[in-house]
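**Q** Before I ask anything, here is the structure I am working with.
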Amino acid sequence: MGPGVAGQADARRERNGDPFAKEHDVPEHNADLVVLGGGSGGYACALRAAELGMSVVLVERDKLGGTCLHWGCIPTKALLHAAEIADSARDGEKVGVRSSLSGIDMAGVHKYKDGVVGKLYKGLQGLVKSRRIEFVAGDGRFVGSRAVEVEGERYVGRNVVLATGSYARSLPGLDIGGRIITSNEAIRLDEVPQRIVILGGGVIGVEFASVFRSFGAEVTIVEALPRLVPNEDEWASKQLERAFRRRRIGFKTGVKFTGATQTDSAVSVSLESGEELEADYLLVAVGRGPNTGNAGFDEAGVEMQRGFVLADERLRTNLDGVYALGDIVPGLQLAHRGFQQGIFVAEEIAGLNPPAIDEDGIPRVTYCEPEVASVGLTEAQARERYGEVQTLVYDLAGNGKSQILQTAGGIKLVKAGAEGTPGPVVGIHMVGARVGELIGEAQLVYNWDAQAEDVAALVHAHPTQNEAFGEAHLALAGKPLHSHS
């Protein structure tokens, strides 16, 4: 008796090099798309692919939603909102409100934070289920031939997307444990430390510095580079440093960390300058690394560099039918970058030929107090690319809503070309309370190659901080109103 229809199909696939061809004696499941990693990028890709009619398998070893929902963006911003309320209670007398801050109930803070996360998690689970996406919980490993193995089961896709995210980095010789923590432990602390040292003055470091200072801790940031938020425009760094001094957040820039020792009750931090800092905790916030070490990528022949997966502008790896996105691909490690890349890859696989994502056009927001928001090029980058540029800074002191909010800061614009010549706005940098809410219009200006005159002609509602955005472009267009220029 000859082979059945299924056996004949398998034989044809093996002859034709089809990725669905059986190669191993393990249970096999086939789909149009297999996504390894259920974080922002992975689940966005899965949802969009299902929307486009593909059968989708989504593999996640932890919880759907990944780092952003459970350990990063959402819980930290919930902490920052609690910190904002603490500051408002403390500062009520400044606006005639007789309020005071009697203390921080960390159990209550965590209940609020976890409630936000839980509601979003439940909603995301329901969304994935409603799209008929097969969700596979388990530690997935890419084994080549467009296949992912999960606990003895093999999932083969006509295309595979690698989206395994990132992890909290440490430094060589600095072990995490006890009173030496990362952001993963910091979002679950059951006490407000009296003193905390934060190693790293980037986005994660300054956000936690802001939280703990608002909660009443004595905070010191140690940053090896010359300034805080070193990836931002130098003007923005100086504005943030000035604000942190007013808030009595300590920071030491241009100083290298050399070691740390701890006891049951404290940690001692050593700096290259010879200074010793004593604290209740050392928070290590030196960035995030690509989560690729045990995922099988290197063994399967995926081209890698320093742990990152290399992909072209269409997010294709060197292997046919295999894409990569999010934090494992070199570039900005931002949830919304991964989210947009997920949508892009799904549409690319579906043959819709979406436009490539301009990395410079991705908005960036640091949610400390005051916030830092930017899109496009820094002044230094613009000068390198365009030669001559024109810059303008609009001070929030001239904005009514900013004065109501009692925030200081400004909006800096960078235009390509010398003063008096036409050219698009290629960089927008903002510092001040709630300026992250202005980034939507800012990214339109950059991504649509708008000139100052284009934005100056738009009506901005009064009194809003968004009005300051319009005023900045009025000034750059040569017709300043509420500014001296």
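Lettering and numbering for the structure tokens are positional, with chains as A, B, ... in the shown order, residues counted from 1 in each chain, and ligands counted from 1 in the shown order.
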So that each row is one residue of region 384-406 of chain A with an atom at most 12 Å from region 374-377 of chain A, can you give its shortest atom pair and the distance in Å to one decimal, using only C-alpha atoms, rows by chain and rising number, as a tab-separated table?
**A**
```
residue	atom	partner	partner_atom	distance
A:Glu384	CA	A:Leu377	CA	10.0
A:Arg385	CA	A:Leu377	CA	9.3
A:Tyr386	CA	A:Leu377	CA	10.7
A:Val389	CA	A:Leu377	CA	11.3
A:Thr391	CA	A:Leu377	CA	11.8
```
**Q** Those residues with N, CA and C atoms, as an mmCIF file, in the first residue's frame please?
**A**
```
data_model
loop_
_atom_site.group_PDB
_atom_site.id
_atom_site.type_symbol
_atom_site.label_atom_id
_atom_site.label_comp_id
_atom_site.auth_asym_id
_atom_site.auth_seq_id
_atom_site.Cartn_x
_atom_site.Cartn_y
_atom_site.Cartn_z
ATOM 1 N N GLU A 384 26.464 67.806 11.204
ATOM 2 C CA GLU A 384 27.262 66.797 10.504
ATOM 3 C C GLU A 384 26.612 66.427 9.169
ATOM 4 N N ARG A 385 25.281 66.374 9.147
ATOM 5 C CA ARG A 385 24.578 65.949 7.938
ATOM 6 C C ARG A 385 24.386 67.081 6.941
ATOM 7 N N TYR A 386 24.060 68.279 7.433
ATOM 8 C CA TYR A 386 23.677 69.375 6.535
ATOM 9 C C TYR A 386 24.703 70.500 6.438
ATOM 10 N N VAL A 389 23.223 74.971 9.861
ATOM 11 C CA VAL A 389 21.875 74.828 10.410
ATOM 12 C C VAL A 389 21.511 76.105 11.168
ATOM 13 N N THR A 391 19.228 77.294 14.606
ATOM 14 C CA THR A 391 18.546 76.801 15.795
ATOM 15 C C THR A 391 17.790 77.936 16.476
#
```
**Q** Please provide as a count of residues only all residues within 7 Å of Ala433 (chain A), with the sequence filter that same-chain residues fewer than 3 positions apart are discarded (counting only C-alpha atoms).
**A** 4
**Q** Quick one: everything within 7 Å of region 47-60 of chain A, counting only C-alpha atoms, minus sequence neighbours fewer than 2 positions away in the same chain. Send it as number ranges by chain.
**A** A: 31-38, 43-45, 62-64, 128, 131, 133-140, 343, 346
**Q** Can you list, as a PDB file with N, CA and C atoms, in the first residue's frame, every protein, DNA or RNA residue that comes within 12 Å of region 95-99 of chain A when you count only C-alpha atoms, leaving out same-chain residues fewer than 4 positions away?
**A**
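Once written, part_34.pdb looks like this:
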```pdb
ATOM      1  N   ILE A  85       1.708  62.791  41.888  1.00  0.00           N
ATOM      2  CA  ILE A  85       0.684  63.092  42.889  1.00  0.00           C
ATOM      3  C   ILE A  85       1.327  63.418  44.233  1.00  0.00           C
ATOM      4  N   ALA A  86       2.398  62.694  44.572  1.00  0.00           N
ATOM      5  CA  ALA A  86       3.113  62.992  45.819  1.00  0.00           C
ATOM      6  C   ALA A  86       3.657  64.421  45.799  1.00  0.00           C
ATOM      7  N   ASP A  87       4.237  64.830  44.668  1.00  0.00           N
ATOM      8  CA  ASP A  87       4.752  66.199  44.545  1.00  0.00           C
ATOM      9  C   ASP A  87       3.633  67.228  44.646  1.00  0.00           C
ATOM     10  N   SER A  88       2.488  66.909  44.027  1.00  0.00           N
ATOM     11  CA  SER A  88       1.356  67.843  44.082  1.00  0.00           C
ATOM     12  C   SER A  88       0.861  68.023  45.504  1.00  0.00           C
ATOM     13  N   ALA A  89       0.789  66.932  46.254  1.00  0.00           N
ATOM     14  CA  ALA A  89       0.364  67.021  47.652  1.00  0.00           C
ATOM     15  C   ALA A  89       1.359  67.829  48.479  1.00  0.00           C
ATOM     16  N   ARG A  90       2.631  67.610  48.211  1.00  0.00           N
ATOM     17  CA  ARG A  90       3.691  68.299  48.949  1.00  0.00           C
ATOM     18  C   ARG A  90       3.695  69.796  48.647  1.00  0.00           C
ATOM     19  N   ASP A  91       3.345  70.163  47.409  1.00  0.00           N
ATOM     20  CA  ASP A  91       3.468  71.545  46.955  1.00  0.00           C
ATOM     21  C   ASP A  91       2.145  72.306  46.940  1.00  0.00           C
ATOM     22  N   GLN A 403       3.258  78.385  32.863  1.00  0.00           N
ATOM     23  CA  GLN A 403       3.311  79.148  34.103  1.00  0.00           C
ATOM     24  C   GLN A 403       2.256  78.655  35.094  1.00  0.00           C
ATOM     25  N   ILE A 404       1.083  78.288  34.585  1.00  0.00           N
ATOM     26  CA  ILE A 404       0.050  77.714  35.454  1.00  0.00           C
ATOM     27  C   ILE A 404       0.558  76.416  36.091  1.00  0.00           C
ATOM     28  N   LEU A 405       1.241  75.597  35.294  1.00  0.00           N
ATOM     29  CA  LEU A 405       1.796  74.333  35.791  1.00  0.00           C
ATOM     30  C   LEU A 405       3.067  74.529  36.607  1.00  0.00           C
ATOM     31  N   GLN A 406       3.583  75.750  36.597  1.00  0.00           N
ATOM     32  CA  GLN A 406       4.822  76.096  37.306  1.00  0.00           C
ATOM     33  C   GLN A 406       5.995  75.235  36.847  1.00  0.00           C
TER      34      GLN A 406
END
```
**Q** Which parts of region 151-398 of chain A does DSSP call strand (DSSP E) when run on the backbone here, written out as a PDB file with N, CA and C atoms, in the first residue's frame?
**A**
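This is the output file selection.pdb:
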```pdb
ATOM      1  N   GLU A 153       7.668  20.469  21.026  1.00  0.00           N
ATOM      2  CA  GLU A 153       6.745  20.707  19.908  1.00  0.00           C
ATOM      3  C   GLU A 153       7.438  21.613  18.893  1.00  0.00           C
ATOM      4  N   ARG A 154       7.130  21.366  17.625  1.00  0.00           N
ATOM      5  CA  ARG A 154       7.791  22.115  16.558  1.00  0.00           C
ATOM      6  C   ARG A 154       6.744  22.928  15.786  1.00  0.00           C
ATOM      7  N   TYR A 155       7.001  24.246  15.663  1.00  0.00           N
ATOM      8  CA  TYR A 155       6.079  25.146  14.970  1.00  0.00           C
ATOM      9  C   TYR A 155       6.804  25.712  13.748  1.00  0.00           C
ATOM     10  N   VAL A 156       6.275  25.411  12.578  1.00  0.00           N
ATOM     11  CA  VAL A 156       6.925  25.785  11.324  1.00  0.00           C
ATOM     12  C   VAL A 156       6.074  26.822  10.604  1.00  0.00           C
ATOM     13  N   GLY A 157       6.696  27.903  10.198  1.00  0.00           N
ATOM     14  CA  GLY A 157       5.977  28.961   9.502  1.00  0.00           C
ATOM     15  C   GLY A 157       6.488  29.170   8.098  1.00  0.00           C
ATOM     16  N   ARG A 158       5.628  29.647   7.228  1.00  0.00           N
ATOM     17  CA  ARG A 158       6.111  30.069   5.918  1.00  0.00           C
ATOM     18  C   ARG A 158       7.046  31.268   6.095  1.00  0.00           C
ATOM     19  N   ASN A 159       6.833  32.011   7.175  1.00  0.00           N
ATOM     20  CA  ASN A 159       7.749  33.064   7.601  1.00  0.00           C
ATOM     21  C   ASN A 159       7.863  33.007   9.122  1.00  0.00           C
ATOM     22  N   VAL A 160       9.008  33.438   9.623  1.00  0.00           N
ATOM     23  CA  VAL A 160       9.265  33.474  11.067  1.00  0.00           C
ATOM     24  C   VAL A 160       9.736  34.871  11.438  1.00  0.00           C
ATOM     25  N   VAL A 161       9.246  35.370  12.566  1.00  0.00           N
ATOM     26  CA  VAL A 161       9.673  36.670  13.083  1.00  0.00           C
ATOM     27  C   VAL A 161      10.345  36.458  14.437  1.00  0.00           C
ATOM     28  N   LEU A 162      11.556  36.959  14.573  1.00  0.00           N
ATOM     29  CA  LEU A 162      12.311  36.882  15.825  1.00  0.00           C
ATOM     30  C   LEU A 162      12.114  38.190  16.581  1.00  0.00           C
ATOM     31  N   SER A 166      14.612  42.263  25.218  1.00  0.00           N
ATOM     32  CA  SER A 166      15.872  42.619  25.877  1.00  0.00           C
ATOM     33  C   SER A 166      15.809  42.337  27.365  1.00  0.00           C
ATOM     34  N   TYR A 167      16.970  42.443  28.003  1.00  0.00           N
ATOM     35  CA  TYR A 167      17.081  42.216  29.441  1.00  0.00           C
ATOM     36  C   TYR A 167      17.853  43.372  30.075  1.00  0.00           C
ATOM     37  N   ALA A 168      17.692  43.549  31.381  1.00  0.00           N
ATOM     38  CA  ALA A 168      18.405  44.604  32.098  1.00  0.00           C
ATOM     39  C   ALA A 168      19.872  44.229  32.247  1.00  0.00           C
ATOM     40  N   ILE A 180      21.813  45.268  45.510  1.00  0.00           N
ATOM     41  CA  ILE A 180      22.217  45.695  44.170  1.00  0.00           C
ATOM     42  C   ILE A 180      21.137  45.190  43.215  1.00  0.00           C
ATOM     43  N   ILE A 181      20.379  46.119  42.633  1.00  0.00           N
ATOM     44  CA  ILE A 181      19.163  45.765  41.910  1.00  0.00           C
ATOM     45  C   ILE A 181      19.149  46.375  40.508  1.00  0.00           C
ATOM     46  N   ARG A 195      18.312  56.419  51.029  1.00  0.00           N
ATOM     47  CA  ARG A 195      19.362  56.833  50.088  1.00  0.00           C
ATOM     48  C   ARG A 195      19.460  55.781  48.987  1.00  0.00           C
ATOM     49  N   ILE A 196      19.571  56.244  47.771  1.00  0.00           N
ATOM     50  CA  ILE A 196      19.760  55.310  46.657  1.00  0.00           C
ATOM     51  C   ILE A 196      20.751  55.897  45.665  1.00  0.00           C
ATOM     52  N   VAL A 197      21.675  55.068  45.202  1.00  0.00           N
ATOM     53  CA  VAL A 197      22.606  55.443  44.138  1.00  0.00           C
ATOM     54  C   VAL A 197      22.130  54.766  42.863  1.00  0.00           C
ATOM     55  N   ILE A 198      22.057  55.532  41.784  1.00  0.00           N
ATOM     56  CA  ILE A 198      21.619  54.998  40.500  1.00  0.00           C
ATOM     57  C   ILE A 198      22.787  55.041  39.540  1.00  0.00           C
ATOM     58  N   LEU A 199      23.183  53.869  39.072  1.00  0.00           N
ATOM     59  CA  LEU A 199      24.314  53.756  38.160  1.00  0.00           C
ATOM     60  C   LEU A 199      23.794  53.839  36.731  1.00  0.00           C
ATOM     61  N   GLU A 218      16.907  60.301  49.146  1.00  0.00           N
ATOM     62  CA  GLU A 218      18.101  61.044  48.738  1.00  0.00           C
ATOM     63  C   GLU A 218      18.719  60.279  47.577  1.00  0.00           C
ATOM     64  N   VAL A 219      18.824  60.926  46.412  1.00  0.00           N
ATOM     65  CA  VAL A 219      19.206  60.238  45.181  1.00  0.00           C
ATOM     66  C   VAL A 219      20.515  60.785  44.634  1.00  0.00           C
ATOM     67  N   THR A 220      21.390  59.871  44.205  1.00  0.00           N
ATOM     68  CA  THR A 220      22.616  60.256  43.501  1.00  0.00           C
ATOM     69  C   THR A 220      22.750  59.406  42.251  1.00  0.00           C
ATOM     70  N   ILE A 221      22.893  60.069  41.097  1.00  0.00           N
ATOM     71  CA  ILE A 221      23.111  59.385  39.823  1.00  0.00           C
ATOM     72  C   ILE A 221      24.599  59.414  39.501  1.00  0.00           C
ATOM     73  N   VAL A 222      25.122  58.296  39.047  1.00  0.00           N
ATOM     74  CA  VAL A 222      26.510  58.218  38.592  1.00  0.00           C
ATOM     75  C   VAL A 222      26.495  57.880  37.108  1.00  0.00           C
ATOM     76  N   GLU A 223      27.040  58.752  36.283  1.00  0.00           N
ATOM     77  CA  GLU A 223      27.047  58.566  34.828  1.00  0.00           C
ATOM     78  C   GLU A 223      28.469  58.749  34.304  1.00  0.00           C
ATOM     79  N   GLY A 250      21.023  64.558  43.196  1.00  0.00           N
ATOM     80  CA  GLY A 250      22.461  64.622  42.971  1.00  0.00           C
ATOM     81  C   GLY A 250      22.867  63.825  41.746  1.00  0.00           C
ATOM     82  N   PHE A 251      23.885  64.281  41.059  1.00  0.00           N
ATOM     83  CA  PHE A 251      24.419  63.496  39.940  1.00  0.00           C
ATOM     84  C   PHE A 251      25.894  63.802  39.764  1.00  0.00           C
ATOM     85  N   LYS A 252      26.611  62.768  39.376  1.00  0.00           N
ATOM     86  CA  LYS A 252      28.046  62.874  39.118  1.00  0.00           C
ATOM     87  C   LYS A 252      28.283  62.356  37.702  1.00  0.00           C
ATOM     88  N   THR A 253      28.631  63.269  36.793  1.00  0.00           N
ATOM     89  CA  THR A 253      28.859  62.891  35.401  1.00  0.00           C
ATOM     90  C   THR A 253      30.350  62.845  35.098  1.00  0.00           C
ATOM     91  N   PHE A 257      32.335  54.155  37.553  1.00  0.00           N
ATOM     92  CA  PHE A 257      32.090  53.248  38.666  1.00  0.00           C
ATOM     93  C   PHE A 257      33.194  52.188  38.684  1.00  0.00           C
ATOM     94  N   THR A 258      33.697  51.860  39.863  1.00  0.00           N
ATOM     95  CA  THR A 258      34.753  50.847  39.947  1.00  0.00           C
ATOM     96  C   THR A 258      34.363  49.620  40.764  1.00  0.00           C
ATOM     97  N   GLY A 259      33.328  49.717  41.587  1.00  0.00           N
ATOM     98  CA  GLY A 259      32.948  48.536  42.345  1.00  0.00           C
ATOM     99  C   GLY A 259      31.905  48.839  43.406  1.00  0.00           C
ATOM    100  N   ALA A 260      31.367  47.770  43.975  1.00  0.00           N
ATOM    101  CA  ALA A 260      30.362  47.916  45.036  1.00  0.00           C
ATOM    102  C   ALA A 260      30.449  46.740  45.985  1.00  0.00           C
ATOM    103  N   THR A 261      30.265  47.024  47.257  1.00  0.00           N
ATOM    104  CA  THR A 261      30.181  45.979  48.272  1.00  0.00           C
ATOM    105  C   THR A 261      28.912  46.216  49.074  1.00  0.00           C
ATOM    106  N   GLN A 262      28.343  45.150  49.600  1.00  0.00           N
ATOM    107  CA  GLN A 262      27.104  45.306  50.337  1.00  0.00           C
ATOM    108  C   GLN A 262      27.078  44.475  51.607  1.00  0.00           C
ATOM    109  N   VAL A 267      24.796  49.405  50.970  1.00  0.00           N
ATOM    110  CA  VAL A 267      25.724  49.127  49.885  1.00  0.00           C
ATOM    111  C   VAL A 267      26.689  50.301  49.778  1.00  0.00           C
ATOM    112  N   SER A 268      27.937  49.998  49.507  1.00  0.00           N
ATOM    113  CA  SER A 268      28.967  51.012  49.343  1.00  0.00           C
ATOM    114  C   SER A 268      29.426  51.002  47.889  1.00  0.00           C
ATOM    115  N   VAL A 269      29.376  52.170  47.248  1.00  0.00           N
ATOM    116  CA  VAL A 269      29.694  52.288  45.822  1.00  0.00           C
ATOM    117  C   VAL A 269      31.014  53.040  45.669  1.00  0.00           C
ATOM    118  N   SER A 270      31.954  52.452  44.932  1.00  0.00           N
ATOM    119  CA  SER A 270      33.274  53.051  44.729  1.00  0.00           C
ATOM    120  C   SER A 270      33.361  53.661  43.334  1.00  0.00           C
ATOM    121  N   LEU A 271      33.918  54.881  43.265  1.00  0.00           N
ATOM    122  CA  LEU A 271      34.098  55.567  41.998  1.00  0.00           C
ATOM    123  C   LEU A 271      35.581  55.702  41.667  1.00  0.00           C
ATOM    124  N   GLU A 276      33.618  57.363  47.807  1.00  0.00           N
ATOM    125  CA  GLU A 276      32.765  56.246  48.218  1.00  0.00           C
ATOM    126  C   GLU A 276      31.373  56.787  48.538  1.00  0.00           C
ATOM    127  N   LEU A 277      30.356  56.165  47.972  1.00  0.00           N
ATOM    128  CA  LEU A 277      28.974  56.567  48.222  1.00  0.00           C
ATOM    129  C   LEU A 277      28.263  55.467  48.998  1.00  0.00           C
ATOM    130  N   GLU A 278      27.616  55.842  50.085  1.00  0.00           N
ATOM    131  CA  GLU A 278      26.872  54.885  50.894  1.00  0.00           C
ATOM    132  C   GLU A 278      25.382  55.030  50.613  1.00  0.00           C
ATOM    133  N   ALA A 279      24.690  53.910  50.483  1.00  0.00           N
ATOM    134  CA  ALA A 279      23.267  53.967  50.178  1.00  0.00           C
ATOM    135  C   ALA A 279      22.560  52.711  50.674  1.00  0.00           C
ATOM    136  N   TYR A 281      20.388  51.180  48.605  1.00  0.00           N
ATOM    137  CA  TYR A 281      20.346  50.345  47.399  1.00  0.00           C
ATOM    138  C   TYR A 281      21.223  50.965  46.315  1.00  0.00           C
ATOM    139  N   LEU A 282      21.750  50.103  45.452  1.00  0.00           N
ATOM    140  CA  LEU A 282      22.385  50.521  44.206  1.00  0.00           C
ATOM    141  C   LEU A 282      21.508  50.007  43.071  1.00  0.00           C
ATOM    142  N   LEU A 283      20.932  50.931  42.310  1.00  0.00           N
ATOM    143  CA  LEU A 283      20.117  50.573  41.154  1.00  0.00           C
ATOM    144  C   LEU A 283      20.990  50.640  39.903  1.00  0.00           C
ATOM    145  N   VAL A 284      21.169  49.505  39.262  1.00  0.00           N
ATOM    146  CA  VAL A 284      21.995  49.434  38.057  1.00  0.00           C
ATOM    147  C   VAL A 284      21.104  49.695  36.847  1.00  0.00           C
ATOM    148  N   ARG A 288      19.962  48.154  28.314  1.00  0.00           N
ATOM    149  CA  ARG A 288      19.396  46.830  28.125  1.00  0.00           C
ATOM    150  C   ARG A 288      20.126  46.101  27.001  1.00  0.00           C
ATOM    151  N   GLY A 289      20.272  44.798  27.167  1.00  0.00           N
ATOM    152  CA  GLY A 289      20.955  43.977  26.178  1.00  0.00           C
ATOM    153  C   GLY A 289      19.974  43.126  25.398  1.00  0.00           C
ATOM    154  N   PRO A 290      20.346  42.711  24.174  1.00  0.00           N
ATOM    155  CA  PRO A 290      19.448  41.884  23.361  1.00  0.00           C
ATOM    156  C   PRO A 290      19.283  40.492  23.952  1.00  0.00           C
ATOM    157  N   MET A 304      24.750  37.770  13.328  1.00  0.00           N
ATOM    158  CA  MET A 304      24.686  38.490  14.594  1.00  0.00           C
ATOM    159  C   MET A 304      25.888  39.426  14.717  1.00  0.00           C
ATOM    160  N   GLN A 305      25.738  40.412  15.611  1.00  0.00           N
ATOM    161  CA  GLN A 305      26.851  41.304  15.948  1.00  0.00           C
ATOM    162  C   GLN A 305      26.665  41.784  17.378  1.00  0.00           C
ATOM    163  N   PHE A 308      23.294  41.280  18.907  1.00  0.00           N
ATOM    164  CA  PHE A 308      22.158  41.806  18.164  1.00  0.00           C
ATOM    165  C   PHE A 308      21.980  41.036  16.856  1.00  0.00           C
ATOM    166  N   VAL A 309      20.748  40.938  16.401  1.00  0.00           N
ATOM    167  CA  VAL A 309      20.447  40.332  15.113  1.00  0.00           C
ATOM    168  C   VAL A 309      20.529  41.418  14.040  1.00  0.00           C
ATOM    169  N   VAL A 322      12.961  34.846   7.239  1.00  0.00           N
ATOM    170  CA  VAL A 322      13.159  35.091   8.677  1.00  0.00           C
ATOM    171  C   VAL A 322      13.395  36.587   8.892  1.00  0.00           C
ATOM    172  N   TYR A 323      12.555  37.206   9.711  1.00  0.00           N
ATOM    173  CA  TYR A 323      12.620  38.639  10.015  1.00  0.00           C
ATOM    174  C   TYR A 323      12.978  38.830  11.483  1.00  0.00           C
ATOM    175  N   ALA A 324      13.460  40.021  11.811  1.00  0.00           N
ATOM    176  CA  ALA A 324      13.774  40.354  13.213  1.00  0.00           C
ATOM    177  C   ALA A 324      13.335  41.771  13.496  1.00  0.00           C
ATOM    178  N   ARG A 364      10.930  60.186  20.880  1.00  0.00           N
ATOM    179  CA  ARG A 364      11.596  59.708  22.097  1.00  0.00           C
ATOM    180  C   ARG A 364      11.108  60.547  23.278  1.00  0.00           C
ATOM    181  N   VAL A 365      10.689  59.891  24.338  1.00  0.00           N
ATOM    182  CA  VAL A 365      10.216  60.612  25.519  1.00  0.00           C
ATOM    183  C   VAL A 365      10.834  59.994  26.762  1.00  0.00           C
ATOM    184  N   THR A 366      11.389  60.832  27.618  1.00  0.00           N
ATOM    185  CA  THR A 366      11.866  60.422  28.940  1.00  0.00           C
ATOM    186  C   THR A 366      10.913  61.031  29.959  1.00  0.00           C
ATOM    187  N   GLU A 371       9.837  66.343  31.971  1.00  0.00           N
ATOM    188  CA  GLU A 371       9.984  65.402  30.876  1.00  0.00           C
ATOM    189  C   GLU A 371      10.939  65.934  29.822  1.00  0.00           C
ATOM    190  N   VAL A 372      11.507  64.990  29.068  1.00  0.00           N
ATOM    191  CA  VAL A 372      12.364  65.318  27.927  1.00  0.00           C
ATOM    192  C   VAL A 372      11.771  64.594  26.719  1.00  0.00           C
ATOM    193  N   ALA A 373      11.507  65.324  25.647  1.00  0.00           N
ATOM    194  CA  ALA A 373      10.921  64.712  24.455  1.00  0.00           C
ATOM    195  C   ALA A 373      11.629  65.234  23.218  1.00  0.00           C
ATOM    196  N   SER A 374      11.826  64.361  22.245  1.00  0.00           N
ATOM    197  CA  SER A 374      12.535  64.794  21.045  1.00  0.00           C
ATOM    198  C   SER A 374      12.187  63.906  19.860  1.00  0.00           C
ATOM    199  N   VAL A 375      12.445  64.436  18.679  1.00  0.00           N
ATOM    200  CA  VAL A 375      12.330  63.666  17.442  1.00  0.00           C
ATOM    201  C   VAL A 375      13.278  64.291  16.433  1.00  0.00           C
ATOM    202  N   GLY A 376      13.829  63.466  15.566  1.00  0.00           N
ATOM    203  CA  GLY A 376      14.757  63.985  14.566  1.00  0.00           C
ATOM    204  C   GLY A 376      16.187  64.045  15.067  1.00  0.00           C
ATOM    205  N   VAL A 389      23.223  74.971   9.861  1.00  0.00           N
ATOM    206  CA  VAL A 389      21.875  74.828  10.410  1.00  0.00           C
ATOM    207  C   VAL A 389      21.511  76.105  11.168  1.00  0.00           C
ATOM    208  N   GLN A 390      20.224  76.264  11.406  1.00  0.00           N
ATOM    209  CA  GLN A 390      19.733  77.361  12.230  1.00  0.00           C
ATOM    210  C   GLN A 390      19.002  76.767  13.420  1.00  0.00           C
ATOM    211  N   THR A 391      19.228  77.294  14.606  1.00  0.00           N
ATOM    212  CA  THR A 391      18.546  76.801  15.795  1.00  0.00           C
ATOM    213  C   THR A 391      17.790  77.936  16.476  1.00  0.00           C
ATOM    214  N   LEU A 392      16.759  77.551  17.203  1.00  0.00           N
ATOM    215  CA  LEU A 392      15.987  78.521  17.973  1.00  0.00           C
ATOM    216  C   LEU A 392      15.466  77.844  19.224  1.00  0.00           C
ATOM    217  N   VAL A 393      15.523  78.555  20.356  1.00  0.00           N
ATOM    218  CA  VAL A 393      14.977  78.032  21.613  1.00  0.00           C
ATOM    219  C   VAL A 393      13.857  78.954  22.072  1.00  0.00           C
ATOM    220  N   TYR A 394      12.692  78.376  22.298  1.00  0.00           N
ATOM    221  CA  TYR A 394      11.564  79.128  22.858  1.00  0.00           C
ATOM    222  C   TYR A 394      11.442  78.747  24.324  1.00  0.00           C
ATOM    223  N   ASP A 395      11.536  79.727  25.209  1.00  0.00           N
ATOM    224  CA  ASP A 395      11.487  79.489  26.652  1.00  0.00           C
ATOM    225  C   ASP A 395      10.035  79.343  27.103  1.00  0.00           C
TER     226      ASP A 395
END
```
**Q** Need the shell around Arg227 (chain A): protein/DNA/RNA residues with any atom at most 10 Å away, counting only C-alpha atoms. Skip same-chain ones fewer than 3 positions apart. Format as a short mmCIF file (atom, residue, chain, number, x, y, z; two decimals) with C-alpha atoms, in the first residue's frame?
**A**
```cif
data_model
loop_
_atom_site.label_atom_id
_atom_site.label_comp_id
_atom_site.auth_asym_id
_atom_site.auth_seq_id
_atom_site.Cartn_x
_atom_site.Cartn_y
_atom_site.Cartn_z
CA GLY A 201 22.10 58.61 33.77
CA GLY A 202 20.18 57.52 30.70
CA GLU A 223 27.05 58.57 34.83
CA ALA A 224 30.35 57.80 33.09
CA PRO A 230 23.67 61.66 26.73
CA ASN A 231 21.77 60.54 23.62
CA GLU A 232 19.68 63.72 23.69
CA GLU A 234 23.22 68.81 24.65
CA SER A 237 20.77 67.61 28.93
CA LYS A 238 21.67 70.98 30.42
CA LEU A 240 17.39 68.55 32.76
CA GLU A 241 20.51 68.90 34.90
CA PHE A 251 24.42 63.50 39.94
CA LYS A 252 28.05 62.87 39.12
CA THR A 253 28.86 62.89 35.40
CA GLY A 254 32.11 61.95 33.71
#
```
**Q** Residues within 10 Å of Leu334 (chain A), please, as a PyMOL selection string. Count only C-alpha atoms; anything in the same chain fewer than 3 positions from it doesn't count.
**A** chain A and resi 40-41+68+73+326-327+331+337-339+362-365
**Q** Taking C-alpha atoms for each residue, export the selection above as a PDB file, in the first residue's frame.
**A**
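Saved result, out21.pdb, follows:
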```
ATOM      1  CA  SER A  40       5.210  44.965  21.923  1.00  0.00           C
ATOM      2  CA  GLY A  41       6.742  44.133  18.556  1.00  0.00           C
ATOM      3  CA  CYS A  68       6.938  46.884  28.313  1.00  0.00           C
ATOM      4  CA  CYS A  73       6.916  51.169  30.229  1.00  0.00           C
ATOM      5  CA  GLY A 326      12.408  45.287  18.327  1.00  0.00           C
ATOM      6  CA  ASP A 327      15.186  45.417  20.898  1.00  0.00           C
ATOM      7  CA  GLY A 331      18.794  50.946  17.105  1.00  0.00           C
ATOM      8  CA  ARG A 337       9.581  51.289  17.651  1.00  0.00           C
ATOM      9  CA  GLY A 338       9.062  47.555  18.059  1.00  0.00           C
ATOM     10  CA  PHE A 339       5.301  47.997  17.777  1.00  0.00           C
ATOM     11  CA  ILE A 362      10.712  57.821  15.870  1.00  0.00           C
ATOM     12  CA  PRO A 363       9.672  60.014  18.834  1.00  0.00           C
ATOM     13  CA  ARG A 364      11.596  59.708  22.097  1.00  0.00           C
ATOM     14  CA  VAL A 365      10.216  60.612  25.519  1.00  0.00           C
TER      15      VAL A 365
END
```
**Q** If you run DSSP on this backbone, which residues of region 17-198 of chain A come out as alpha helix (DSSP H), and could you give them as a PyMOL selection string?
**A** chain A and resi 40-51+66-70+73-90+106-130+183-186
